[in-house]
Amino acid sequence: MNDKIIIVEDDGGVRFFLEEALKDEGYNAKGFESYEEASFEIGNDTDLIIMDIKLPGMDGLTAIEDVKKKADVPILIITAHGTKKNAMDAIQRGATDFFIKPIALDELKVMVKRVLGTRKLKRELALSREEDLAQATFHGVVGKSEGMREIFKNVEKFADKNITVLITGETGVGKEVIARLVHELSKRGKEFVAVNCASIPDNLLESELFGYEKGAFTGAYQQKQGKFELAHTGTIVLDEIGEMSPYLQAKLLRVIETKEIERLGDVKKRKVDIRIIATTNRDLEKEMKEGRFREDLYYRLAQIHVVIPPLRERNGDVLLLVEHLLLDTSKETGKLITVADDARRVLLDYKWPGNVRELINVIKRAAIMCDADRITIDDLPLHLRSDQTLTSVVYSDKSLDEAISELERKMIIDALKQTRGLQAKAAKLLGISERSIWYRIKKYNIDVNV
Ligand SMILES: Nc1ncnc2c1ncn2[C@@H]1O[C@H](COP(=O)(O)OP(=O)(O)OP(=O)(O)O)[C@@H](O)[C@H]1O
Ligand SMILES: [Mg+2]
């Protein structure tokens, strides 16, 4: 299919000239007198818009913003001689490039070809990125590191067997994600009930899990089903099992052994068919050895033990997750964001104590803050980069005082860049007072508009 080009130009002579010249080149070119007329034709199948700035009705600069809301289409601006400022405004609002009247045909042809070529390449890149990603996800869970592949392989094997699963790993590593995956592949009923054992006091947790009859305790005005009952034929996730009290540990053990529960204040035993998945970021074996976790319960819960490695040990997953997140945002915003090499390096070197959750926060923020659809080192939080700053200072052959001053200066500049020159915010980021940052800015002669 021929590339579709829309020309918006009120001067009939120029419009005709452009239309004919582009048609001669084999493009599907169509001219309009005003943006209002053209706007009905603009959509995702439009490959390029060539537009004058001075137009009857909506002017070209405002029209750029309108186009951006509609579709991701490159825009070339035509501007009269001596109005370069207009052209700059247009670029700032999202136009790709501009050319000046009178239009030189050769220049126009080259520019159109280049812009359309880049657009095609970007689209192909997006497609191939999507394909690569699809190969590195397992039922929607992202991972191509050896550790994650092993987990996917095992989950596939044991998911539909009714055995208990213990999932351990640092915070934010994806324990709940894997618990859901096990449930989805289990072919059990659809109920997926998650209970956080750490966030509520013991007696409340007991009534949450087991339910109660009317009058079982003060405040029990009516009977209530517990989570075990709700999860009947489905899966129950006991999140942060390591926090469970010895009393409830004993009760849980009985549920696993008898497959029965009693609501509080009731003597009737109710059969429950549940798949139990427990998760924790504590070292349960250690807790067990030190007497804080029942050994018999541990072995009952951990018929299968899945250990999710921390993100820093998952080779290949960091950038894969980044790609995944950026593709997701591109579906929402229509903008395909890339990551500069230096920023990639920082992302790979960082230790990610908050694992995938932390990575998601960092990338989402950077995707919003970055300029020109590209995440650079400046869009990443300061603490991710501080390791690098330190090494470069340590390896320099300066005196201690000089090195400290240099580091101080670098950190202040970084903080100011991140906060777009807001000193109060930068001070907060660095954990120093406003007075103190003000003094240092003067001392090191730092330009706050860095
Ligand atoms: N492999 C993955 N692919 C896609 N998203 C993931 C993956 N792992 C984790 N996430 C996302 O990271 C976030 C944290 O994951 P999750 O809640 O499963 O971690 P967790 O180990 O249960 O954390 P916590 O210890 O705090 O309970 C969620 O938003 C989740 O969707
Ligand atoms: Mg969790």
# chains A, B, ... in the order shown; residues from 1 in each chain; ligands from 1
>>> residues_near_ligand(ligand="ligand 1", cutoff="6 Å", atoms="only C-alpha atoms and all ligand atoms", output="number ranges by chain")
A: 141-143, 170-177, 281, 356-357
>>> write_last_selection(atoms="all heavy atoms", output="mmCIF file, in the first residue's frame")
data_model
loop_
_atom_site.group_PDB
_atom_site.id
_atom_site.type_symbol
_atom_site.label_atom_id
_atom_site.label_comp_id
_atom_site.auth_asym_id
_atom_site.auth_seq_id
_atom_site.Cartn_x
_atom_site.Cartn_y
_atom_site.Cartn_z
ATOM 1 N N VAL A 141 3.607 -14.291 32.622
ATOM 2 C CA VAL A 141 4.667 -14.000 33.592
ATOM 3 C C VAL A 141 5.987 -13.842 32.832
ATOM 4 O O VAL A 141 6.354 -14.708 32.037
ATOM 5 C CB VAL A 141 4.799 -15.111 34.649
ATOM 6 C CG1 VAL A 141 5.836 -14.721 35.696
ATOM 7 C CG2 VAL A 141 3.459 -15.387 35.302
ATOM 8 N N VAL A 142 6.663 -12.721 33.057
ATOM 9 C CA VAL A 142 7.863 -12.411 32.296
ATOM 10 C C VAL A 142 9.091 -13.076 32.925
ATOM 11 O O VAL A 142 9.273 -13.025 34.135
ATOM 12 C CB VAL A 142 8.087 -10.879 32.274
ATOM 13 C CG1 VAL A 142 9.313 -10.526 31.459
ATOM 14 C CG2 VAL A 142 6.858 -10.181 31.720
ATOM 15 N N GLY A 143 9.935 -13.658 32.089
ATOM 16 C CA GLY A 143 11.170 -14.240 32.619
ATOM 17 C C GLY A 143 11.863 -15.110 31.604
ATOM 18 O O GLY A 143 11.224 -15.963 30.987
ATOM 19 N N GLU A 170 12.682 -12.909 48.287
ATOM 20 C CA GLU A 170 12.725 -11.561 48.861
ATOM 21 C C GLU A 170 11.452 -10.786 48.531
ATOM 22 O O GLU A 170 10.691 -11.178 47.645
ATOM 23 C CB GLU A 170 13.928 -10.804 48.278
ATOM 24 C CG GLU A 170 15.256 -11.318 48.766
ATOM 25 C CD GLU A 170 16.410 -10.549 48.119
ATOM 26 O OE1 GLU A 170 16.179 -9.508 47.486
ATOM 27 O OE2 GLU A 170 17.556 -11.015 48.259
ATOM 28 N N THR A 171 11.306 -9.650 49.153
ATOM 29 C CA THR A 171 10.126 -8.817 48.901
ATOM 30 C C THR A 171 10.071 -8.346 47.435
ATOM 31 O O THR A 171 11.104 -8.061 46.833
ATOM 32 C CB THR A 171 10.108 -7.600 49.848
ATOM 33 O OG1 THR A 171 8.978 -6.810 49.503
ATOM 34 C CG2 THR A 171 11.351 -6.740 49.732
ATOM 35 N N GLY A 172 8.868 -8.339 46.862
ATOM 36 C CA GLY A 172 8.662 -7.815 45.513
ATOM 37 C C GLY A 172 9.210 -8.678 44.391
ATOM 38 O O GLY A 172 9.314 -8.259 43.245
ATOM 39 N N VAL A 173 9.509 -9.938 44.688
ATOM 40 C CA VAL A 173 10.207 -10.785 43.722
ATOM 41 C C VAL A 173 9.210 -11.499 42.787
ATOM 42 O O VAL A 173 9.582 -12.006 41.736
ATOM 43 C CB VAL A 173 11.096 -11.769 44.538
ATOM 44 C CG1 VAL A 173 10.342 -13.010 44.921
ATOM 45 C CG2 VAL A 173 12.394 -12.049 43.864
ATOM 46 N N GLY A 174 7.939 -11.477 43.185
ATOM 47 C CA GLY A 174 6.912 -12.127 42.344
ATOM 48 C C GLY A 174 6.288 -13.369 42.955
ATOM 49 O O GLY A 174 5.814 -14.235 42.228
ATOM 50 N N LYS A 175 6.236 -13.432 44.285
ATOM 51 C CA LYS A 175 5.678 -14.632 44.935
ATOM 52 C C LYS A 175 4.188 -14.773 44.630
ATOM 53 O O LYS A 175 3.704 -15.855 44.319
ATOM 54 C CB LYS A 175 5.905 -14.563 46.460
ATOM 55 C CG LYS A 175 7.385 -14.598 46.829
ATOM 56 C CD LYS A 175 7.580 -14.658 48.325
ATOM 57 C CE LYS A 175 7.252 -13.359 49.047
ATOM 58 N NZ LYS A 175 8.130 -12.233 48.669
ATOM 59 N N GLU A 176 3.494 -13.631 44.694
ATOM 60 C CA GLU A 176 2.060 -13.709 44.416
ATOM 61 C C GLU A 176 1.805 -14.020 42.944
ATOM 62 O O GLU A 176 0.876 -14.762 42.613
ATOM 63 C CB GLU A 176 1.377 -12.394 44.817
ATOM 64 C CG GLU A 176 -0.115 -12.521 44.707
ATOM 65 C CD GLU A 176 -0.884 -11.404 45.385
ATOM 66 O OE1 GLU A 176 -0.337 -10.787 46.328
ATOM 67 O OE2 GLU A 176 -2.024 -11.153 44.959
ATOM 68 N N VAL A 177 2.651 -13.488 42.097
ATOM 69 C CA VAL A 177 2.523 -13.759 40.662
ATOM 70 C C VAL A 177 2.628 -15.264 40.397
ATOM 71 O O VAL A 177 1.835 -15.837 39.648
ATOM 72 C CB VAL A 177 3.626 -12.989 39.881
ATOM 73 C CG1 VAL A 177 3.727 -13.455 38.448
ATOM 74 C CG2 VAL A 177 3.342 -11.489 39.925
ATOM 75 N N ASN A 281 8.764 -14.152 52.909
ATOM 76 C CA ASN A 281 10.130 -13.733 52.580
ATOM 77 C C ASN A 281 11.078 -14.042 53.731
ATOM 78 O O ASN A 281 12.229 -13.641 53.722
ATOM 79 C CB ASN A 281 10.202 -12.263 52.141
ATOM 80 C CG ASN A 281 9.450 -11.352 53.063
ATOM 81 O OD1 ASN A 281 9.321 -11.649 54.247
ATOM 82 N ND2 ASN A 281 8.944 -10.258 52.543
ATOM 83 N N VAL A 356 11.279 -6.808 41.584
ATOM 84 C CA VAL A 356 10.467 -6.397 40.429
ATOM 85 C C VAL A 356 9.584 -5.190 40.769
ATOM 86 O O VAL A 356 9.400 -4.296 39.954
ATOM 87 C CB VAL A 356 9.596 -7.575 39.931
ATOM 88 C CG1 VAL A 356 8.829 -7.170 38.685
ATOM 89 C CG2 VAL A 356 10.467 -8.784 39.644
ATOM 90 N N ARG A 357 9.064 -5.159 41.986
ATOM 91 C CA ARG A 357 8.194 -4.039 42.348
ATOM 92 C C ARG A 357 8.951 -2.715 42.231
ATOM 93 O O ARG A 357 8.442 -1.730 41.694
ATOM 94 C CB ARG A 357 7.640 -4.217 43.754
ATOM 95 C CG ARG A 357 6.635 -3.120 44.101
ATOM 96 C CD ARG A 357 6.001 -3.275 45.461
ATOM 97 N NE ARG A 357 5.191 -4.466 45.577
ATOM 98 C CZ ARG A 357 5.473 -5.492 46.363
ATOM 99 N NH1 ARG A 357 6.568 -5.460 47.099
ATOM 100 N NH2 ARG A 357 4.687 -6.532 46.424
#
>>> select_by_dssp(residues="region 245-440 of chain A", states="strand (DSSP E)", output="list in words")
Glu260, Ile261, Arg270, Lys271, Arg275, Ile276, Ile277, Ala278, Thr279, Thr280, Ile304, His305, Val306, Val307, Thr338, Val339, Arg374 and Ile375 of chain A
>>> select_by_dssp(residues="region 139-227 of chain A", states="helix (DSSP H, G or I)", output="PDB file with N, CA and C atoms, in the first residue's frame")
ATOM      1  N   GLU A 146      17.594 -18.345  33.682  1.00  0.00           N
ATOM      2  CA  GLU A 146      17.568 -19.783  33.947  1.00  0.00           C
ATOM      3  C   GLU A 146      16.670 -20.091  35.144  1.00  0.00           C
ATOM      4  N   GLY A 147      16.798 -19.248  36.180  1.00  0.00           N
ATOM      5  CA  GLY A 147      16.011 -19.453  37.404  1.00  0.00           C
ATOM      6  C   GLY A 147      14.521 -19.441  37.135  1.00  0.00           C
ATOM      7  N   MET A 148      14.067 -18.472  36.333  1.00  0.00           N
ATOM      8  CA  MET A 148      12.629 -18.371  36.068  1.00  0.00           C
ATOM      9  C   MET A 148      12.150 -19.484  35.137  1.00  0.00           C
ATOM     10  N   ARG A 149      12.991 -19.823  34.154  1.00  0.00           N
ATOM     11  CA  ARG A 149      12.593 -20.919  33.239  1.00  0.00           C
ATOM     12  C   ARG A 149      12.385 -22.217  34.004  1.00  0.00           C
ATOM     13  N   GLU A 150      13.287 -22.455  34.945  1.00  0.00           N
ATOM     14  CA  GLU A 150      13.202 -23.662  35.775  1.00  0.00           C
ATOM     15  C   GLU A 150      11.884 -23.648  36.553  1.00  0.00           C
ATOM     16  N   ILE A 151      11.542 -22.473  37.097  1.00  0.00           N
ATOM     17  CA  ILE A 151      10.297 -22.359  37.864  1.00  0.00           C
ATOM     18  C   ILE A 151       9.088 -22.636  36.958  1.00  0.00           C
ATOM     19  N   PHE A 152       9.093 -22.028  35.756  1.00  0.00           N
ATOM     20  CA  PHE A 152       7.966 -22.255  34.835  1.00  0.00           C
ATOM     21  C   PHE A 152       7.815 -23.748  34.517  1.00  0.00           C
ATOM     22  N   LYS A 153       8.971 -24.390  34.274  1.00  0.00           N
ATOM     23  CA  LYS A 153       8.944 -25.810  33.914  1.00  0.00           C
ATOM     24  C   LYS A 153       8.333 -26.635  35.053  1.00  0.00           C
ATOM     25  N   ASN A 154       8.772 -26.320  36.273  1.00  0.00           N
ATOM     26  CA  ASN A 154       8.265 -27.075  37.418  1.00  0.00           C
ATOM     27  C   ASN A 154       6.788 -26.812  37.690  1.00  0.00           C
ATOM     28  N   VAL A 155       6.410 -25.530  37.594  1.00  0.00           N
ATOM     29  CA  VAL A 155       5.000 -25.189  37.858  1.00  0.00           C
ATOM     30  C   VAL A 155       4.099 -25.980  36.900  1.00  0.00           C
ATOM     31  N   GLU A 156       4.514 -26.056  35.654  1.00  0.00           N
ATOM     32  CA  GLU A 156       3.718 -26.792  34.674  1.00  0.00           C
ATOM     33  C   GLU A 156       3.526 -28.250  35.101  1.00  0.00           C
ATOM     34  N   LYS A 157       4.582 -28.801  35.733  1.00  0.00           N
ATOM     35  CA  LYS A 157       4.500 -30.207  36.139  1.00  0.00           C
ATOM     36  C   LYS A 157       3.589 -30.421  37.343  1.00  0.00           C
ATOM     37  N   PHE A 158       3.712 -29.542  38.349  1.00  0.00           N
ATOM     38  CA  PHE A 158       2.986 -29.848  39.593  1.00  0.00           C
ATOM     39  C   PHE A 158       1.669 -29.101  39.771  1.00  0.00           C
ATOM     40  N   LYS A 175       6.236 -13.432  44.285  1.00  0.00           N
ATOM     41  CA  LYS A 175       5.678 -14.632  44.935  1.00  0.00           C
ATOM     42  C   LYS A 175       4.188 -14.773  44.630  1.00  0.00           C
ATOM     43  N   GLU A 176       3.494 -13.631  44.694  1.00  0.00           N
ATOM     44  CA  GLU A 176       2.060 -13.709  44.416  1.00  0.00           C
ATOM     45  C   GLU A 176       1.805 -14.020  42.944  1.00  0.00           C
ATOM     46  N   VAL A 177       2.651 -13.488  42.097  1.00  0.00           N
ATOM     47  CA  VAL A 177       2.523 -13.759  40.662  1.00  0.00           C
ATOM     48  C   VAL A 177       2.628 -15.264  40.397  1.00  0.00           C
ATOM     49  N   ILE A 178       3.597 -15.895  41.042  1.00  0.00           N
ATOM     50  CA  ILE A 178       3.774 -17.343  40.830  1.00  0.00           C
ATOM     51  C   ILE A 178       2.625 -18.123  41.474  1.00  0.00           C
ATOM     52  N   ALA A 179       2.134 -17.650  42.624  1.00  0.00           N
ATOM     53  CA  ALA A 179       0.995 -18.315  43.265  1.00  0.00           C
ATOM     54  C   ALA A 179      -0.214 -18.305  42.328  1.00  0.00           C
ATOM     55  N   ARG A 180      -0.436 -17.169  41.672  1.00  0.00           N
ATOM     56  CA  ARG A 180      -1.559 -17.071  40.716  1.00  0.00           C
ATOM     57  C   ARG A 180      -1.349 -17.995  39.524  1.00  0.00           C
ATOM     58  N   LEU A 181      -0.093 -18.064  39.100  1.00  0.00           N
ATOM     59  CA  LEU A 181       0.225 -18.931  37.962  1.00  0.00           C
ATOM     60  C   LEU A 181      -0.101 -20.385  38.313  1.00  0.00           C
ATOM     61  N   VAL A 182       0.298 -20.799  39.508  1.00  0.00           N
ATOM     62  CA  VAL A 182       0.010 -22.171  39.944  1.00  0.00           C
ATOM     63  C   VAL A 182      -1.500 -22.387  39.934  1.00  0.00           C
ATOM     64  N   HIS A 183      -2.224 -21.419  40.448  1.00  0.00           N
ATOM     65  CA  HIS A 183      -3.682 -21.538  40.495  1.00  0.00           C
ATOM     66  C   HIS A 183      -4.268 -21.633  39.082  1.00  0.00           C
ATOM     67  N   GLU A 184      -3.809 -20.757  38.196  1.00  0.00           N
ATOM     68  CA  GLU A 184      -4.360 -20.746  36.843  1.00  0.00           C
ATOM     69  C   GLU A 184      -4.115 -22.050  36.105  1.00  0.00           C
ATOM     70  N   ASP A 202      -3.901 -11.800  65.637  1.00  0.00           N
ATOM     71  CA  ASP A 202      -4.140 -13.231  65.671  1.00  0.00           C
ATOM     72  C   ASP A 202      -5.617 -13.645  65.738  1.00  0.00           C
ATOM     73  N   ASN A 203      -6.362 -13.033  66.685  1.00  0.00           N
ATOM     74  CA  ASN A 203      -7.756 -13.490  66.836  1.00  0.00           C
ATOM     75  C   ASN A 203      -8.607 -13.127  65.621  1.00  0.00           C
ATOM     76  N   LEU A 204      -8.277 -12.004  65.019  1.00  0.00           N
ATOM     77  CA  LEU A 204      -8.994 -11.619  63.798  1.00  0.00           C
ATOM     78  C   LEU A 204      -8.653 -12.552  62.646  1.00  0.00           C
ATOM     79  N   LEU A 205      -7.375 -12.901  62.568  1.00  0.00           N
ATOM     80  CA  LEU A 205      -6.939 -13.808  61.506  1.00  0.00           C
ATOM     81  C   LEU A 205      -7.664 -15.146  61.644  1.00  0.00           C
ATOM     82  N   GLU A 206      -7.819 -15.583  62.871  1.00  0.00           N
ATOM     83  CA  GLU A 206      -8.504 -16.856  63.099  1.00  0.00           C
ATOM     84  C   GLU A 206      -9.939 -16.794  62.574  1.00  0.00           C
ATOM     85  N   SER A 207     -10.654 -15.702  62.896  1.00  0.00           N
ATOM     86  CA  SER A 207     -12.044 -15.625  62.426  1.00  0.00           C
ATOM     87  C   SER A 207     -12.111 -15.400  60.921  1.00  0.00           C
ATOM     88  N   GLU A 208     -11.105 -14.704  60.377  1.00  0.00           N
ATOM     89  CA  GLU A 208     -11.020 -14.537  58.921  1.00  0.00           C
ATOM     90  C   GLU A 208     -10.918 -15.885  58.224  1.00  0.00           C
ATOM     91  N   LEU A 209     -10.033 -16.724  58.761  1.00  0.00           N
ATOM     92  CA  LEU A 209      -9.760 -18.000  58.096  1.00  0.00           C
ATOM     93  C   LEU A 209     -10.879 -19.016  58.303  1.00  0.00           C
ATOM     94  N   PHE A 210     -11.370 -19.083  59.538  1.00  0.00           N
ATOM     95  CA  PHE A 210     -12.317 -20.163  59.866  1.00  0.00           C
ATOM     96  C   PHE A 210     -13.784 -19.722  59.804  1.00  0.00           C
ATOM     97  N   LYS A 227     -12.329 -17.770  55.091  1.00  0.00           N
ATOM     98  CA  LYS A 227     -11.638 -17.849  53.799  1.00  0.00           C
ATOM     99  C   LYS A 227     -11.408 -19.296  53.347  1.00  0.00           C
TER     100      LYS A 227
END
>>> residues_around(residues="Ala90 (chain A)", least_positions_apart="6", cutoff="8 Å", atoms="only C-alpha atoms", output="mmCIF file with N, CA and C atoms, in the first residue's frame")
data_model
loop_
_atom_site.group_PDB
_atom_site.id
_atom_site.type_symbol
_atom_site.label_atom_id
_atom_site.label_comp_id
_atom_site.auth_asym_id
_atom_site.auth_seq_id
_atom_site.Cartn_x
_atom_site.Cartn_y
_atom_site.Cartn_z
ATOM 1 N N LEU A 61 0.051 25.307 14.824
ATOM 2 C CA LEU A 61 0.658 24.933 16.115
ATOM 3 C C LEU A 61 -0.354 24.216 17.003
ATOM 4 N N ILE A 64 -1.138 20.698 15.772
ATOM 5 C CA ILE A 64 -0.163 19.632 16.102
ATOM 6 C C ILE A 64 -0.634 18.891 17.354
ATOM 7 N N ILE A 77 6.335 20.557 9.253
ATOM 8 C CA ILE A 77 5.735 21.888 9.260
ATOM 9 C C ILE A 77 6.326 22.737 8.126
#
>>> residues_around(residues="Ile6 (chain A)", least_positions_apart="3", cutoff="6 Å", atoms="only C-alpha atoms", output="ChimeraX atom specification")
/A:29-30,49
>>> write_last_selection(atoms="N, CA and C atoms", output="PDB file, in the first residue's frame")
ATOM      1  N   ALA A  29      -1.137  11.069  -1.869  1.00  0.00           N
ATOM      2  CA  ALA A  29      -1.150  12.392  -1.241  1.00  0.00           C
ATOM      3  C   ALA A  29      -2.489  13.076  -1.459  1.00  0.00           C
ATOM      4  N   LYS A  30      -2.963  13.769  -0.415  1.00  0.00           N
ATOM      5  CA  LYS A  30      -4.270  14.422  -0.493  1.00  0.00           C
ATOM      6  C   LYS A  30      -4.166  15.785   0.181  1.00  0.00           C
ATOM      7  N   ILE A  49       1.895  13.873   7.924  1.00  0.00           N
ATOM      8  CA  ILE A  49       1.118  15.093   7.694  1.00  0.00           C
ATOM      9  C   ILE A  49       2.106  16.216   7.376  1.00  0.00           C
TER      10      ILE A  49
END
>>> residues_around(residues="Val307 (chain A)", least_positions_apart="2", cutoff="8 Å", atoms="only C-alpha atoms", output="PyMOL selection string")
chain A and resi 167-169+305+309
>>> residues_around(residues="Ile437 (chain A)", least_positions_apart="5", cutoff="9 Å", atoms="only C-alpha atoms", output="count of residues only")
8
>>> residues_around(residues="Ile53 (chain A)", least_positions_apart="5", cutoff="10 Å", atoms="only C-alpha atoms", output="count of residues only")
17
>>> atom_distance(atom1="CA of Ala198 (chain A)", atom2="CA of Met244 (chain A)")
7.2 Å
>>> closest_residue(among="A:Gln222, A:Ile308, A:Val362, A:Lys286", to="Gly265 (chain A)", atoms="only C-alpha atoms")
A:Gln222
